[in-house]
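Undergrad: This is the structure, below, for whatever I ask next.
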Amino acid sequence: MPDTRHRQLHLGLMFWATGTHSAGWRHPLARADGAFDIAFIQQICRDAEASCFDFIFLGDRLVADPALAKTNPGQMARLEPFIAASAIAAATERIGIVVTTNTTYSDPFTVARMLSSLDHISAGRASWNIVTGADPAAALNFSRAAHSDNEARYARAESFTRQVRALWDSWGPDALTDDGGQLAMHKQQIRAGGAALPRSPQHHPIILHAGTSERSLDFGARHADVIFTGDARFDVARDFYREVKARAAAYGRNPDDLKVVPGLTVIAEPTTDAAVATYDALNRLLTLDPEGHAADGAGPADASAADFQYVGMGRGARRNLSLASDMLGVDVRGNAYDALVPPDIAARASERGRQILAYITRLTRRDLVADDPARRITYLDLIHASIAQSSAVVGNPEEVADYMQWWFEDGAADGFNIFMPFLPYAMDRFGALVVPELQRRGIYRRRYAGPRLRDHFHLQHLPATPSMVAA
């Protein structure tokens, strides 16, 4: 268990302009057209900065995905992240700015230069989310015959990251000085083939990485300052936390310098009932899939339980009772969606099914045995829980803070990357309700520790490393 006496939560904002809930963009209080409105994006970032968030996270994919048109249209196509980050830097003063760059389809010099440029113009707030690319279709956009396999992508990412770090180190700390009113470059402090810019305010921008595969976990333990993870189960998250920290220590790093920040969906309202009502209202806006199951030939095959996607990214399992049956371990097809699930389902469900039932109860306060029908689980609850088992909390400010504090103090997280179901409303609620409660408990900052993202994470500048430019 980590020492929490001097630790404080780190918070990031996973920025999806139309919200991370698959129907968030449909909500009457959402901005469905915000993905390309830079003034809207800047305002959300200023709101997050007013709540002292460590960073705003700009994801990216190198292909447009029409499958997201009905679930997450703001992610179907995106602004180029460095362009958006530059506009955010101009509109904010303290919040860190995370940009996603794919090492499979980029080159080290360009990435080093762009990140250093962003760090300069933001006065030390740049961060790099390293991805190797999970979209095979991206290969065609770069005139490649095929997408590299996982092993090849991570081998390239290792070399790529070292070269970027070496390029950042290629200028000495005093390579650019004011000599008699004229800027002078001291060539003896600039390695041949080095970066095109002098050292930026952070020297090495913060590095982030996500993933739970063996290669991903090892890569993060070696190189990352912040690791994203996404499992909704506390025990699994705690085991991951311990494992990645142990690996960082094995590589000679201080494990406290590696922050583990799980994703967390938050629906906060002044009261529990209001929060559950917001959760239910969002789910009522979802489009359900037609029934059908490969086993009975009644329709197109559903994805297997192992293939379902968190946060409804438009791929993977269908949202219907066939999926709910697969996940629950009990055939519940043919029931009316608004009918009450009988109590004996719990005894017949698989272990995973019982976890789903507990998940529903935690989010909705509904169960299988309540006397009040309004407090009973329905088949529609089963459908939504079977496909959307992201780490989530629904409740009043105290309940949300309790959940976050539990994960933080019991060794599963150093903070959270907050998924806002729809914007700007969810950001407003979080800032007005949850942030003051976290601050009251003394586990979240009231002001930034300094102007740079490294200051937010209490990290020092990294020492220079041997040149890898020629590698």
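Chain labels A, B, ... are given in the sequence in which chains occur in the structure tokens; within each chain residues are numbered consecutively from 1, and ligands are likewise numbered from 1 in the order shown.
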Would you write out, as a tab-separated table, a table of all residues in range 51-157 of chain A that have an atom no more than 7 Å from an atom of range 25-36 of chain A, listing for each the closest atom pair and the distance in Å to one decimal, considering only C-alpha atoms and ordering rows by chain and rising residue number?

TA:
residue	atom	partner	partner_atom	distance
A:Gly74	CA	A:Ala35	CA	5.3
A:Arg78	CA	A:Ala35	CA	6.9
A:Leu79	CA	A:Phe36	CA	6.7

Undergrad: I need the residues from that last selection saved to file as a PDB file, in the first residue's frame (with C-alpha atoms), if you can.

TA:
ATOM      1  CA  GLY A  74     -16.581  13.269 -31.957  1.00  0.00           C
ATOM      2  CA  ARG A  78     -10.443  14.486 -35.036  1.00  0.00           C
ATOM      3  CA  LEU A  79      -8.389  17.624 -35.203  1.00  0.00           C
TER       4      LEU A  79
END

Undergrad: List every residue of range 250-279 of chain A that DSSP, applied to the backbone, labels as helix (DSSP H, G or I), and write the result as a list in words.

TA: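 Filtering range 250-279 of chain A to helix (DSSP H, G or I) leaves Ala250, Pro255, Asp256, Asp257, Thr272, Asp273, Ala274, Ala275, Val276, Ala277, Thr278 and Tyr279 of chain A.
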
Undergrad: Counting only C-alpha atoms, which residues in range 218-251 of chain A sit no more than 10 Å from range 118-138 of chain A? For each one, give the nearest pair of atoms and the distance in Å, sorted by chain then residue number, as CSV.

TA:
residue,atom,partner,partner_atom,distance
A:Gly220,CA,A:Ile130,CA,9.4
A:His223,CA,A:Ile130,CA,9.8
A:Ala224,CA,A:Ile130,CA,8.8
A:Asp225,CA,A:Ser127,CA,9.7
A:Val226,CA,A:Asn129,CA,9.1
A:Ile227,CA,A:Asn129,CA,9.4
A:Phe228,CA,A:Asn129,CA,9.7

Undergrad: So that I can check the surroundings of range 260-268 of chain A, please list as a short mmCIF file (atom, residue, chain, number, x, y, z; two decimals) with N, CA and C atoms, in the first residue's frame every protein, DNA and RNA residue that reaches within 9 Å of it, counting only C-alpha atoms and ignoring chain neighbours fewer than 3 positions away.

TA:
data_model
loop_
_atom_site.label_atom_id
_atom_site.label_comp_id
_atom_site.auth_asym_id
_atom_site.auth_seq_id
_atom_site.Cartn_x
_atom_site.Cartn_y
_atom_site.Cartn_z
N HIS A 10 -3.77 12.89 -8.69
CA HIS A 10 -3.52 13.51 -9.99
C HIS A 10 -4.75 13.28 -10.86
N LEU A 11 -5.18 14.33 -11.53
CA LEU A 11 -6.37 14.23 -12.37
C LEU A 11 -6.07 14.68 -13.80
N GLY A 12 -6.47 13.86 -14.75
CA GLY A 12 -6.43 14.24 -16.15
C GLY A 12 -7.84 14.26 -16.71
N MET A 14 -9.80 13.15 -20.00
CA MET A 14 -9.85 12.49 -21.30
C MET A 14 -10.79 13.29 -22.19
N THR A 20 -17.70 10.92 -23.47
CA THR A 20 -17.25 9.54 -23.60
C THR A 20 -18.39 8.53 -23.55
N HIS A 21 -19.55 8.92 -23.05
CA HIS A 21 -20.70 8.02 -23.09
C HIS A 21 -21.19 7.91 -24.52
N ASP A 225 6.32 8.23 -17.53
CA ASP A 225 6.13 8.95 -16.28
C ASP A 225 4.72 8.71 -15.74
N VAL A 226 3.79 8.43 -16.66
CA VAL A 226 2.39 8.20 -16.30
C VAL A 226 1.89 7.01 -17.11
N ILE A 227 1.17 6.10 -16.45
CA ILE A 227 0.59 4.94 -17.12
C ILE A 227 -0.92 5.01 -16.99
N PHE A 228 -1.61 4.85 -18.12
CA PHE A 228 -3.07 4.73 -18.10
C PHE A 228 -3.44 3.25 -18.03
N THR A 229 -4.50 2.96 -17.31
CA THR A 229 -5.05 1.61 -17.28
C THR A 229 -6.55 1.73 -17.20
N GLY A 230 -7.28 0.63 -17.44
CA GLY A 230 -8.72 0.81 -17.55
C GLY A 230 -9.60 -0.26 -16.95
N ASP A 231 -9.05 -1.20 -16.20
CA ASP A 231 -9.90 -2.26 -15.66
C ASP A 231 -10.81 -1.72 -14.57
N ALA A 232 -12.09 -2.14 -14.60
CA ALA A 232 -13.06 -1.65 -13.63
C ALA A 232 -12.97 -2.34 -12.29
N ALA A 237 -6.95 -3.89 -10.78
CA ALA A 237 -6.23 -2.62 -10.86
C ALA A 237 -5.12 -2.55 -9.82
N TYR A 241 -1.12 -2.14 -10.54
CA TYR A 241 -0.37 -1.06 -9.89
C TYR A 241 0.92 -1.59 -9.27
N VAL A 244 3.49 -2.90 -12.13
CA VAL A 244 4.21 -1.91 -12.91
C VAL A 244 5.18 -1.12 -12.04
N LYS A 245 4.83 -0.89 -10.79
CA LYS A 245 5.76 -0.20 -9.88
C LYS A 245 6.97 -1.08 -9.60
N THR A 271 -27.39 15.03 -5.42
CA THR A 271 -27.96 13.91 -4.67
C THR A 271 -27.74 12.61 -5.42
N THR A 272 -27.81 11.50 -4.68
CA THR A 272 -27.66 10.18 -5.30
C THR A 272 -28.73 9.94 -6.34
N ALA A 274 -30.46 12.01 -8.09
CA ALA A 274 -30.27 12.82 -9.28
C ALA A 274 -29.16 12.25 -10.16
N ALA A 275 -28.10 11.74 -9.54
CA ALA A 275 -27.00 11.15 -10.30
C ALA A 275 -27.46 9.90 -11.04
N VAL A 276 -28.22 9.04 -10.36
CA VAL A 276 -28.74 7.83 -11.00
C VAL A 276 -29.69 8.21 -12.13
N THR A 278 -29.51 10.85 -14.01
CA THR A 278 -28.69 11.28 -15.15
C THR A 278 -28.10 10.07 -15.86
N TYR A 279 -27.62 9.11 -15.08
CA TYR A 279 -27.08 7.87 -15.66
C TYR A 279 -28.15 7.16 -16.49
N SER A 390 -16.80 -0.13 -17.86
CA SER A 390 -15.65 0.71 -17.54
C SER A 390 -15.68 1.04 -16.06
N SER A 391 -14.54 1.45 -15.54
CA SER A 391 -14.52 1.92 -14.16
C SER A 391 -15.39 3.17 -14.10
N ALA A 392 -16.38 3.17 -13.24
CA ALA A 392 -17.35 4.25 -13.22
C ALA A 392 -17.86 4.45 -11.81
N VAL A 393 -18.30 5.68 -11.53
CA VAL A 393 -18.92 5.98 -10.26
C VAL A 393 -20.06 6.96 -10.51
N VAL A 394 -21.19 6.70 -9.87
CA VAL A 394 -22.39 7.51 -10.01
C VAL A 394 -22.85 7.88 -8.61
N GLY A 395 -22.99 9.18 -8.34
CA GLY A 395 -23.43 9.52 -7.00
C GLY A 395 -23.31 10.98 -6.66
N ASN A 396 -23.54 11.28 -5.38
CA ASN A 396 -23.37 12.64 -4.88
C ASN A 396 -21.88 12.90 -4.64
N PRO A 397 -21.49 14.13 -4.31
CA PRO A 397 -20.06 14.42 -4.19
C PRO A 397 -19.34 13.53 -3.18
N GLU A 399 -20.10 10.44 -2.26
CA GLU A 399 -19.98 9.08 -2.79
C GLU A 399 -18.91 8.99 -3.86
N VAL A 400 -18.86 9.97 -4.74
CA VAL A 400 -17.82 9.98 -5.77
C VAL A 400 -16.44 10.09 -5.13
N MET A 404 -13.12 7.42 -5.24
CA MET A 404 -11.79 7.83 -5.68
C MET A 404 -10.77 7.67 -4.57
N ALA A 412 -4.49 1.22 -5.66
CA ALA A 412 -4.85 0.90 -7.03
C ALA A 412 -4.64 2.06 -7.99
N ALA A 413 -4.33 3.27 -7.48
CA ALA A 413 -4.24 4.43 -8.36
C ALA A 413 -3.45 5.55 -7.68
N ASP A 414 -2.77 6.35 -8.50
CA ASP A 414 -2.18 7.61 -8.05
C ASP A 414 -3.07 8.79 -8.45
N GLY A 415 -4.11 8.51 -9.17
CA GLY A 415 -5.04 9.53 -9.63
C GLY A 415 -5.93 8.91 -10.69
N PHE A 416 -6.60 9.75 -11.47
CA PHE A 416 -7.55 9.23 -12.46
C PHE A 416 -7.53 10.10 -13.71
N ASN A 417 -7.73 9.45 -14.84
CA ASN A 417 -8.00 10.14 -16.08
C ASN A 417 -9.52 10.16 -16.21
N ILE A 418 -10.13 11.32 -16.00
CA ILE A 418 -11.57 11.42 -15.87
C ILE A 418 -12.25 11.41 -17.23
N PHE A 419 -13.21 10.49 -17.39
CA PHE A 419 -14.04 10.41 -18.59
C PHE A 419 -15.34 11.15 -18.30
N MET A 420 -15.56 12.25 -19.00
CA MET A 420 -16.79 13.03 -18.84
C MET A 420 -17.84 12.50 -19.82
N PRO A 421 -19.00 12.02 -19.33
CA PRO A 421 -19.99 11.40 -20.23
C PRO A 421 -20.52 12.34 -21.30
N ALA A 426 -21.00 17.79 -17.64
CA ALA A 426 -20.32 16.90 -16.69
C ALA A 426 -19.07 17.55 -16.12
N ARG A 429 -20.30 19.98 -13.42
CA ARG A 429 -20.72 19.27 -12.20
C ARG A 429 -19.50 18.77 -11.42
N PHE A 430 -18.53 18.21 -12.12
CA PHE A 430 -17.34 17.70 -11.44
C PHE A 430 -16.60 18.82 -10.74
N LEU A 433 -18.85 20.20 -7.74
CA LEU A 433 -19.27 19.29 -6.67
C LEU A 433 -18.13 18.41 -6.14
N VAL A 434 -17.41 17.75 -7.03
CA VAL A 434 -16.44 16.74 -6.59
C VAL A 434 -15.12 17.38 -6.17
#

Undergrad: Which value, in Å to one decimal, gives the distance between CA of Phe15 in chain A and CA of Met76 in chain A?

TA: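 Between CA of Phe15 in chain A and CA of Met76 in chain A the gap is 13.8 Å.
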
Undergrad: Please report, as a PyMOL selection string, each residue of range 220-466 of chain A to which DSSP assigns strand (DSSP E or B) when run on this structure's backbone.

TA: chain A and resi 226-229+259-268+340+367+376+378+392-395+415-419+424

Undergrad: Please write the residues from the selection above to a file, keeping N, CA and C atoms, as a short mmCIF file (atom, residue, chain, number, x, y, z; two decimals), in the first residue's frame.

TA:
data_model
loop_
_atom_site.label_atom_id
_atom_site.label_comp_id
_atom_site.auth_asym_id
_atom_site.auth_seq_id
_atom_site.Cartn_x
_atom_site.Cartn_y
_atom_site.Cartn_z
N VAL A 226 3.79 8.43 -16.66
CA VAL A 226 2.39 8.20 -16.30
C VAL A 226 1.89 7.01 -17.11
N ILE A 227 1.17 6.10 -16.45
CA ILE A 227 0.59 4.94 -17.12
C ILE A 227 -0.92 5.01 -16.99
N PHE A 228 -1.61 4.85 -18.12
CA PHE A 228 -3.07 4.73 -18.10
C PHE A 228 -3.44 3.25 -18.03
N THR A 229 -4.50 2.96 -17.31
CA THR A 229 -5.05 1.61 -17.28
C THR A 229 -6.55 1.73 -17.20
N LYS A 259 3.54 7.32 -12.20
CA LYS A 259 2.17 7.49 -11.72
C LYS A 259 1.22 6.60 -12.52
N VAL A 260 0.36 5.88 -11.81
CA VAL A 260 -0.64 5.02 -12.43
C VAL A 260 -1.99 5.71 -12.33
N VAL A 261 -2.60 5.98 -13.48
CA VAL A 261 -3.79 6.82 -13.55
C VAL A 261 -4.88 6.08 -14.33
N PRO A 262 -5.73 5.30 -13.66
CA PRO A 262 -6.81 4.59 -14.36
C PRO A 262 -7.85 5.57 -14.92
N GLY A 263 -8.52 5.13 -15.97
CA GLY A 263 -9.66 5.89 -16.47
C GLY A 263 -10.85 5.72 -15.54
N LEU A 264 -11.64 6.77 -15.39
CA LEU A 264 -12.80 6.72 -14.50
C LEU A 264 -13.92 7.59 -15.07
N THR A 265 -15.05 6.96 -15.35
CA THR A 265 -16.25 7.70 -15.74
C THR A 265 -16.95 8.21 -14.49
N VAL A 266 -17.28 9.50 -14.47
CA VAL A 266 -17.91 10.11 -13.30
C VAL A 266 -19.23 10.76 -13.70
N ILE A 267 -20.29 10.39 -13.01
CA ILE A 267 -21.57 11.09 -13.10
C ILE A 267 -21.90 11.59 -11.70
N ALA A 268 -21.76 12.88 -11.51
CA ALA A 268 -21.94 13.49 -10.19
C ALA A 268 -23.10 14.48 -10.23
N LEU A 340 -38.67 -6.93 -14.80
CA LEU A 340 -37.76 -7.09 -13.67
C LEU A 340 -37.05 -8.42 -13.75
N ASP A 367 -31.36 -3.57 -7.14
CA ASP A 367 -30.93 -4.95 -6.91
C ASP A 367 -32.04 -5.90 -7.35
N ARG A 376 -35.58 -2.19 -8.55
CA ARG A 376 -35.22 -3.53 -9.04
C ARG A 376 -34.45 -3.43 -10.35
N THR A 378 -33.55 -4.29 -14.10
CA THR A 378 -34.31 -4.70 -15.29
C THR A 378 -33.36 -5.35 -16.31
N ALA A 392 -16.38 3.17 -13.24
CA ALA A 392 -17.35 4.25 -13.22
C ALA A 392 -17.86 4.45 -11.81
N VAL A 393 -18.30 5.68 -11.53
CA VAL A 393 -18.92 5.98 -10.26
C VAL A 393 -20.06 6.96 -10.51
N VAL A 394 -21.19 6.70 -9.87
CA VAL A 394 -22.39 7.51 -10.01
C VAL A 394 -22.85 7.88 -8.61
N GLY A 395 -22.99 9.18 -8.34
CA GLY A 395 -23.43 9.52 -7.00
C GLY A 395 -23.31 10.98 -6.66
N GLY A 415 -4.11 8.51 -9.17
CA GLY A 415 -5.04 9.53 -9.63
C GLY A 415 -5.93 8.91 -10.69
N PHE A 416 -6.60 9.75 -11.47
CA PHE A 416 -7.55 9.23 -12.46
C PHE A 416 -7.53 10.10 -13.71
N ASN A 417 -7.73 9.45 -14.84
CA ASN A 417 -8.00 10.14 -16.08
C ASN A 417 -9.52 10.16 -16.21
N ILE A 418 -10.13 11.32 -16.00
CA ILE A 418 -11.57 11.42 -15.87
C ILE A 418 -12.25 11.41 -17.23
N PHE A 419 -13.21 10.49 -17.39
CA PHE A 419 -14.04 10.41 -18.59
C PHE A 419 -15.34 11.15 -18.30
N PRO A 424 -20.65 20.43 -22.05
CA PRO A 424 -19.82 20.81 -20.91
C PRO A 424 -20.40 20.47 -19.54
#

Undergrad: If we count only C-alpha atoms and set the cut-off at 9 Å, which residues sit around Leu58 in chain A, ignoring sequence neighbours fewer than 4 positions away in its own chain? Please answer as JSON, numbers by chain.

TA: {"A": [13, 14, 15, 16, 81, 82, 84, 85, 97, 98, 99, 100, 129]}

Undergrad: Which of these residues is nearest to Arg447 in chain A, using only C-alpha atoms: A:Val435, A:Ala336, A:Leu115, A:Ala39?

TA: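 Smallest separation from Arg447 in chain A among the options: A:Val435.
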
Undergrad: Suppose you want the space between CA of Asp37 in chain A and CA of Met114 in chain A; what is it in Å?

TA: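 CA of Met114 in chain A lies 22.7 Å from CA of Asp37 in chain A.
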
Undergrad: Looking at only C-alpha atoms, which of A:Cys52, A:Ile356, A:Ile88, A:Ala69 is the one that sits closest to Thr18 in chain A?

TA: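 Between A:Cys52, A:Ile356, A:Ile88, A:Ala69, the residue approaching Thr18 in chain A most closely is A:Ala69.
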